Amino acid sequence: MNKLILNFKSKESKKIKNPKNFLGGKGANLSEMGRIGLPVPPGFTISTKVCELFYKDKKKLNSQIVSTIKKELKTIEKEVGKKFGDLKNPLLLSVRSGARVSMPGMMDTILNLGLNDKTVIALSNKTSNIRFAKDSYRRFIQMYGNVVMGVESYHFEELIENYKLTKGVLLDTDLDADDWQGLINDFKKVVKDQTKKEFPQNVHDQLLGAISAVFLSWESNRAKVYRKLNQIPAEWGTAVNVQSMVFGNMGDDCATGVVFTRNPSDGVNEVYGEYLINAQGEDVVAGTRTPQYITKKARKDAKAKESSMEESMPKVFKQLDKILKVLEKHYKDMQDVEFTVENNKLWMLQTRAGKRTSKSAVRIAVDMVKEKLISKKEAVMRIDPASLDTLLHPTLDEKSLVNVIANGLPASPGAASGKVVFSSEEAERLNEVMQDTILVRVETSPEDIHGMHAAKGILTARGGMTSHAAVVARGMGRPCVSGSSEIDINYEAKTFKTSSIVVKEGEVITIDGSTGRIILGEVPTVKPEMSRDFSKLMSWADGFRKLKIRTNSETPLDTKTARDFGAEGIGLCRTEHMFFDEERILSVREMILSKTVVDRNKALAKLLPHQRKDFIEIFKIMRDLPVTVRLLDPPLHEFLPKTEKEINDVAKVVGLPLKEIESRINELHEQNPMLGHRGCRLGISFPEIYEMQCRAIFEALSELKIKKIKSAFPEIMIPLVSTEAEIRIMKDLVVRVSREVQKDKKVKVDYLVGTMIELPRAAIKADDIAKHAEFFSFGTNDLTQTTFGLSRDDSGKFLNDYIENKIFSIDPFISIDDGVGDLIEIAVEKGRRQNKKIKLGICGEHGGDPKSIHFCANVGLDYVSCSPYRVPIARLAAAQAELFKKTKFLT
């Protein structure tokens with residue numbers, strides 16, 4: 001049982017294969033820092049295995065674990081020369097969570113544990129600092145009361161604010177020992193009133209309560225939301241770190257801070273961070289006081305008056321700067337470090353790989369290759385492909401006239417416009433009805449995680465560049481402006497005011513997380529320019545990957561965007577999207593409502609020039625690259641008129657009475673159109689539709705060839721095939737039309753004919769289908785729907801219940817399910833056995849999902865296809881998949 005709890009200095013930790021999995025990230029790094037000789041306060045880690053046991057034992061710590069904790073306490077007592085609960089020289093503890101991956105602010109922390117009505121007097125006598133002792137005790141009651149006993153934070157905050165108002169002071173540091181004693185009494189009364197229990201005075205009860213609370217916070221709502229957003233498995237659990245306290249709040253020779261070894265916003269290689277004199281760590285991250293800069297340069301750049309740490313504590317800063325260099329060299333990555341200074345002595349409380357923006361991540365990876373800290377392979381493996389999304393979207397158009405109403409700190413870059421909301425619930429509600437919002441809070445807390453995700457951007461009145469809002473927003477890729485002291489928020493009135501204006505909930509503002517500006521109204525955006533670092537990283541990725549990356553596109557704009565992002569062809573050109581244009585929809589409806597082939601052909605003749613023109617544009621943009629054109633797929637009812645005006649318009653064109661049109665609409669109605677008359681089934685019933693589309697394709701190719709304009713290579717895809725006969729009949733149609741056009745135009749064109757595998761039967765009978773198909777493109781959206789019998793449009797209502805109950809670990813429409821994966825593997829194996837030259841790709845939404853791309857690489861597909869803005873994501877994920885196979889890197 002001893003091996004489930006390890007002292008930071010234990011040699012056992014060296015023997016653990018994956019220390020972060022067992023000790024959590026914080027515990028593993030504290031142990032590592034201790035081993036390389038850095039000043040770490042003594043402590044021990046209760047492993048993630050104990051978290052598992054805790055939940056198995058009905059959320060209780062068993063007697064053996066409790067006994068081991070007491071033994072480890074003795075080791076700390078011996079090392080620091082203090083005793084837990086002692087009335088002369090008391091040992092105080094911090095109890096912190098530590099999952100294997102960083103989850104900033106999502107789980108609970110308790111500081112100053114071990115204080116009670118008697119030990120606070122002992123601490124006061126020992127330090128000769130009564131104000132510090134009382135301040136530490138009120139902090140402990142506040143934290144423990146909230147985290148362990150469930151008292152809402154605002155009960156304590158209101159009391160502190162009232163005390164400050166009564167004394168006429170602004171800062172907590174302006175309150176004296178008598179004030180803190182008054183608050184201690186009031187806090188204990190609040191705990192009693194809210195919980196019907198006395199605040200615990202037994203220090204061992206306090207410790208076990210705190211450890212249990214940290215384990216319980218793993219299943220808190222905010223932690224669950226964070227895990228879901230970041231795809232962190234629930235079974236990982238958290239470790240708990242118990243450590244002797246060091247104090248940053250004993251006076252002016254004490255401080256606490258958070259520092260990054262490089263700038264997490266832009267990646268510049270300079271120390272970046274904040275600190276507070278006479279404070280504890282929570283003061284910095286919670287935003288209760290506005291922190292000061294670490295370096296003199298940062299202070300000057302910000303035109304701030306308060307001294308930087310470099311100026312006020314030069315010796316300690318020099319030591320910290322040296323340690324930061326050691327840590328970055330040791331971990332070969334940008335580090336996020338927490339530290340405390342107690343009586344001018346520096347202590348390292350934590351190090352971890354720092355959360356950073358996508359722009360910063362790319363720059364840091366490329367710079368570290370230049371600095372020979374890491375290899376190109378490591379640089380490519382280090383970037384989260386999904387995070388690139390934030391680099392590829394528009395930013396504010398600087399040419400626009402803007403009305404800047406206030407400024408704050410540029411905490412997370414990018415820009416966003418939206419309606420002002422003051423609660424996470426309202427952000428979520430408006431997001432559900434497709435309305436963009438900016439979440440405006442005095443400061444965010446972990447409880448706001450769902451609202452921060454739902455909002456397009458975050459604005460806070462308090463907090464620094466390392467506050468909860470800043471760190472979480474950067475991780476999510478949300479623009480954030482923090483610590484805007486120029487805005488005054490009134491939650492009750494649902495307004496915020498600046499020196500010049502009052503902004504009400506529902507009004508639109510724009511925030512610029514790159515400059516800290518808060519702007520009234522919506523501001524136009526511009527497409528971002530890719531940096532040299534981004535281009536370099538992507539070129540390294542392209543050198544490692546084998547999978548080709550195509551795009552799903554049917555408009556010239558999307559096609560050009562995708563090509564600019566490095567697409568190597570089009571994997572899905574949906575021809576039906578071209579039909580919804582205002583000029584064409586009447587002809588489409590005329591074609592559908594026609595009862596005879598002659599009438600249908602008249603309508604199709606009107607559509608042919610439009611389709612041909614579309615293909616000419618796309619084939620020109622994608623010159624020399626393959627373009628997979630899917631013939632008409634959706635059920636006809638999707639194109640039918642729905643409003644009275646639309647029905648009248650069609651009646652005039654077709655020359656039929658309204659009643660006959662309405663009767664025809666009823667005839668075409670299907671109970672389950674997803675599984676109805678669509679795809680190749682339309683081609684069988686109405687071959688003239690597919691003939692028109694094929695004619696448009698081959699006439700476009702012929703026209704380009706005659707004009708000697710370079711063209712794309714066409715691949716004609718028959719959708720929803722499930723039998724050999726369907727693909728045979730449809731291929732014969734394509735071949736016949738191509739011969740007619742080539743003969744008429746006196747040109748020769750090359751092309752392929754294939755199918756989309758989107759039905760389980762097609763996957764199972766792939767060997768028969770491959771006799772006639774020259775390529776397979778897996779339509780994983782429909783393959784997932786038909787395998788599970790799920791509707792992608794409706795399943796969102798209950799999929800969360802399935803994830804909550806661990807039936808699914810992730811939404812199967814986001815990442816390929818292993819059952820769907822088995823069908824793909826069957827189709828790949830049978831298809832290749834029948835036709836060794838068959839080309840294999842994927843064109844469902846999964847084509848832009850990094851996890852699914854790893855599957856595609858492993859199963860041996862030739863390409864994946866995704867939306868234009870996801871092309872760089874897919875390029876990087878494909879490179880990582882290949883490197884993972886070859887080098888067994890951990891992603």
# chains A, B, ... in the order shown; residues from 1 in each chain; ligands from 1
call {"tool": "select_by_dssp", "arguments": {"residues": "range 651-868 of chain A", "states": "helix (DSSP H, G or I)", "output": "ChimeraX atom specification"}}
result
/A:651-654,658-668,673-675,680-685,687-706,724-745,760-764,766-769,780-788,796-804,818-834,845-848,850-859,868
call {"tool": "residues_around", "arguments": {"residues": "Asp488 in chain A", "least_positions_apart": "6", "cutoff": "9 Å", "atoms": "only C-alpha atoms", "output": "VMD selection string"}}
result
chain A and resid 442 461 495 to 498
call {"tool": "residues_around", "arguments": {"residues": "Glu699 in chain A", "least_positions_apart": "3", "cutoff": "12 Å", "atoms": "only C-alpha atoms", "output": "PyMOL selection string"}}
result
chain A and resi 608-616+619+691-696+702-706+737-749
call {"tool": "residues_around", "arguments": {"residues": "Met465 in chain A", "least_positions_apart": "6", "cutoff": "9 Å", "atoms": "only C-alpha atoms", "output": "PyMOL selection string"}}
result
chain A and resi 273-274+285+291+409-412+471+481-483
call {"tool": "select_by_dssp", "arguments": {"residues": "range 391-581 of chain A", "states": "strand (DSSP E or B)", "output": "count of residues only"}}
result
60
call {"tool": "closest_residue", "arguments": {"among": "A:Ser387, A:Asn230, A:Asn344, A:Asn185", "to": "Phe247 in chain A", "atoms": "only C-alpha atoms"}}
result
A:Asn344
